[in-house]
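To start, the structure under review is shown below, and the notes come after it.
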Amino acid sequence: MNASNRDRLFSAAVELFLEHGYDASVDMIICRAGVARQTFYNHFQNKESLFVEVMRNCMNDVLVPLTENSGDLGATLRKFAAAYRERALSPAGVAGYRTMVGQAQRFPELTREAFESGIGHMVDILTGLLDKAMMRGELRNDDPEFAAEILMSMLAGLERSRLLMGAANPPGDEVQRVERIVDGFLRMFAP
């Protein structure tokens with residue numbers, strides 16, 4: 001099996017699923033990839049298995065590693081916040097989110113798995129980081145999971161909703177916006 005054909009099929013599927021959701025057909029995918037129908041079935045069992053793989057990939061694309069802790073909580077959170085917002089609020093991030101939510105009833109197990117292994121895992125790591133900061137006295141002692149959920153909501157909440165609904169976000173300096181979000185979060189949980 002030719003890996004480049006698989007890559008072309010996968011790339012075409014990503015584009016089409018983000019454009020059309022699950023309504024993208026196998027014919028559309030093979031046409032865009034420029035391969036034969038049999039080539040599709042040499043690489044993927046069916047459209048559903050390809051969709052599952054594409055959605056897992058899209059969810060993983062918005063994940064931001066939190067393993068690089070500089071020792072400065074504010075700097076670590078600002079770096080995380082900037083990277084997460086860049087991915088989650090990008091056109092591809094919003095399209096992936098829209099597609100995943102749009103198929104939640106059809107693929108509840110996939111949606112749950114994608115959340116748990118993706119965003120849920122990232123929130124778990126953020127929770128651990130905040131828990132350690134609370135134990136060191138850098139943040140007030142509180143529920144670190146709740147704190148992580150608040151920060152994640154602050155980072156994408158209304159802005160992602162606007163983008164999902166086709167409304168534009170107000171213009172602004174992204175660096176300043178990240179700074180204000182992290183500063184507000186740190187003040188909210190100040191010791």
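Going by the structure tokens order, chains are called A, B, ..., each with residues numbered from 1, while ligands are numbered from 1 in the order shown.
Near Met134 (chain A), within 12 Å and counting only C-alpha atoms, sit Leu73, Thr127, Gly128, Leu129, Leu130, Glu138, Leu139, Arg140, Asn141, Asp142, Asp143, Pro144, Glu145, Ala147, Leu186, Phe189, Ala190 and Pro191 of chain A; same-chain residues fewer than 4 positions away were not included.
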Selection from above, N, CA and C atoms, as a tab-separated table (two decimals), in the first residue's frame, can you write it?
chain	number	residue	atom	x	y	z
A	73	LEU	N	4.88	30.50	37.46
A	73	LEU	CA	3.52	30.09	37.13
A	73	LEU	C	2.88	31.00	36.10
A	127	THR	N	-4.79	20.77	35.81
A	127	THR	CA	-5.22	20.59	37.20
A	127	THR	C	-4.02	20.24	38.08
A	128	GLY	N	-3.19	19.32	37.62
A	128	GLY	CA	-1.99	18.95	38.39
A	128	GLY	C	-1.05	20.11	38.59
A	129	LEU	N	-0.86	20.91	37.54
A	129	LEU	CA	0.01	22.09	37.64
A	129	LEU	C	-0.54	23.08	38.66
A	130	LEU	N	-1.85	23.33	38.60
A	130	LEU	CA	-2.47	24.27	39.53
A	130	LEU	C	-2.48	23.73	40.96
A	138	GLU	N	1.44	29.49	45.85
A	138	GLU	CA	1.40	30.48	44.77
A	138	GLU	C	-0.04	30.86	44.42
A	139	LEU	N	-0.98	29.95	44.67
A	139	LEU	CA	-2.40	30.19	44.48
A	139	LEU	C	-3.09	29.81	45.78
A	140	ARG	N	-4.26	30.41	46.02
A	140	ARG	CA	-4.99	30.04	47.24
A	140	ARG	C	-5.47	28.61	47.14
A	141	ASN	N	-5.58	27.98	48.27
A	141	ASN	CA	-6.01	26.59	48.32
A	141	ASN	C	-7.47	26.51	47.92
A	142	ASP	N	-7.72	25.83	46.83
A	142	ASP	CA	-9.07	25.71	46.28
A	142	ASP	C	-9.12	24.40	45.51
A	143	ASP	N	-10.20	24.16	44.81
A	143	ASP	CA	-10.34	22.96	43.99
A	143	ASP	C	-9.57	23.19	42.69
A	144	PRO	N	-8.44	22.50	42.49
A	144	PRO	CA	-7.62	22.77	41.30
A	144	PRO	C	-8.32	22.39	40.00
A	145	GLU	N	-9.19	21.39	40.02
A	145	GLU	CA	-9.91	21.01	38.80
A	145	GLU	C	-10.89	22.12	38.40
A	147	ALA	N	-10.54	25.25	39.16
A	147	ALA	CA	-9.71	26.35	38.69
A	147	ALA	C	-9.28	26.13	37.24
A	186	LEU	N	-5.06	34.68	37.75
A	186	LEU	CA	-4.14	34.67	38.90
A	186	LEU	C	-4.67	35.52	40.05
A	189	PHE	N	-7.44	33.63	41.94
A	189	PHE	CA	-6.95	32.56	42.84
A	189	PHE	C	-5.73	32.97	43.63
A	190	ALA	N	-5.55	34.28	43.81
A	190	ALA	CA	-4.40	34.78	44.58
A	190	ALA	C	-4.48	34.28	46.02
A	191	PRO	N	-3.32	33.96	46.62
A	191	PRO	CA	-3.32	33.49	48.01
A	191	PRO	C	-3.80	34.57	48.97
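Counting only C-alpha atoms, Arg78 (chain A) has the following residues at most 10 Å away, ignoring those fewer than 4 positions along the same chain: Leu73, Gly74, Ala82, Ala83, Tyr84, Val175, Val178, Glu179, Arg180, Ile181, Val182 and Asp183 of chain A.
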- Task: Name the residues in contact with Met55 (chain A) at a cut-off of 12 Å, using only C-alpha atoms, excluding same-chain residues fewer than 3 positions from it; report them as a ChimeraX atom specification.
- Result: /A:10,13-18,21-22,48-52,58-62,92-93,95-104,107,110-115,117-118
Just write the chosen residues, C-alpha atoms, as a PDB file, in the first residue's frame.
ATOM      1  CA  PHE A  10      -6.423  11.582   4.850  1.00  0.00           C
ATOM      2  CA  ALA A  13     -10.886  13.776   4.264  1.00  0.00           C
ATOM      3  CA  VAL A  14      -9.739  16.388   6.792  1.00  0.00           C
ATOM      4  CA  GLU A  15     -10.599  19.212   4.404  1.00  0.00           C
ATOM      5  CA  LEU A  16     -13.947  17.750   3.398  1.00  0.00           C
ATOM      6  CA  PHE A  17     -15.082  16.717   6.878  1.00  0.00           C
ATOM      7  CA  LEU A  18     -14.231  20.200   8.151  1.00  0.00           C
ATOM      8  CA  GLY A  21     -19.113  17.354   8.345  1.00  0.00           C
ATOM      9  CA  TYR A  22     -20.049  13.706   8.043  1.00  0.00           C
ATOM     10  CA  GLU A  48     -16.893   5.997   9.547  1.00  0.00           C
ATOM     11  CA  SER A  49     -13.449   4.616  10.416  1.00  0.00           C
ATOM     12  CA  LEU A  50     -11.815   7.446   8.439  1.00  0.00           C
ATOM     13  CA  PHE A  51     -14.050  10.010  10.134  1.00  0.00           C
ATOM     14  CA  VAL A  52     -13.075   8.667  13.566  1.00  0.00           C
ATOM     15  CA  CYS A  58      -8.404  17.324  14.804  1.00  0.00           C
ATOM     16  CA  MET A  59      -8.935  17.153  18.570  1.00  0.00           C
ATOM     17  CA  ASN A  60      -5.260  16.413  19.136  1.00  0.00           C
ATOM     18  CA  ASP A  61      -4.328  19.441  17.033  1.00  0.00           C
ATOM     19  CA  VAL A  62      -5.751  21.792  19.689  1.00  0.00           C
ATOM     20  CA  ALA A  92      -9.271  24.668  11.640  1.00  0.00           C
ATOM     21  CA  GLY A  93      -9.766  24.451  15.422  1.00  0.00           C
ATOM     22  CA  ALA A  95     -14.184  23.776  12.225  1.00  0.00           C
ATOM     23  CA  GLY A  96     -12.986  20.643  14.037  1.00  0.00           C
ATOM     24  CA  TYR A  97     -14.947  21.586  17.149  1.00  0.00           C
ATOM     25  CA  ARG A  98     -18.056  22.333  15.077  1.00  0.00           C
ATOM     26  CA  THR A  99     -17.761  19.026  13.222  1.00  0.00           C
ATOM     27  CA  MET A 100     -17.210  17.024  16.415  1.00  0.00           C
ATOM     28  CA  VAL A 101     -20.139  18.630  18.237  1.00  0.00           C
ATOM     29  CA  GLY A 102     -22.309  18.223  15.143  1.00  0.00           C
ATOM     30  CA  GLN A 103     -21.700  14.476  15.172  1.00  0.00           C
ATOM     31  CA  ALA A 104     -21.929  13.937  18.955  1.00  0.00           C
ATOM     32  CA  PHE A 107     -20.850   9.055  17.453  1.00  0.00           C
ATOM     33  CA  LEU A 110     -16.030   8.858  19.707  1.00  0.00           C
ATOM     34  CA  THR A 111     -16.976  12.253  21.089  1.00  0.00           C
ATOM     35  CA  ARG A 112     -16.504  11.095  24.670  1.00  0.00           C
ATOM     36  CA  GLU A 113     -13.188   9.417  23.851  1.00  0.00           C
ATOM     37  CA  ALA A 114     -11.972  12.472  21.920  1.00  0.00           C
ATOM     38  CA  PHE A 115     -12.834  14.706  24.864  1.00  0.00           C
ATOM     39  CA  SER A 117      -8.079  11.738  25.588  1.00  0.00           C
ATOM     40  CA  GLY A 118      -7.791  15.271  24.254  1.00  0.00           C
TER      41      GLY A 118
END
- Message: Residues within 10 Å of Lys47 (chain A), please, as a PyMOL selection string. Count only C-alpha atoms; anything in the same chain fewer than 5 positions from it doesn't count.
- Response: chain A and resi 13+22+24-26+29+40-41+52-53
- Query: Among chain A, which ones does DSSP place in helix (DSSP H, G or I), written as a PyMOL selection string?
  - Reply: chain A and resi 3-23+26-33+37-43+47-61+73-88+91-102+108-117+119-135+144-164+174-188
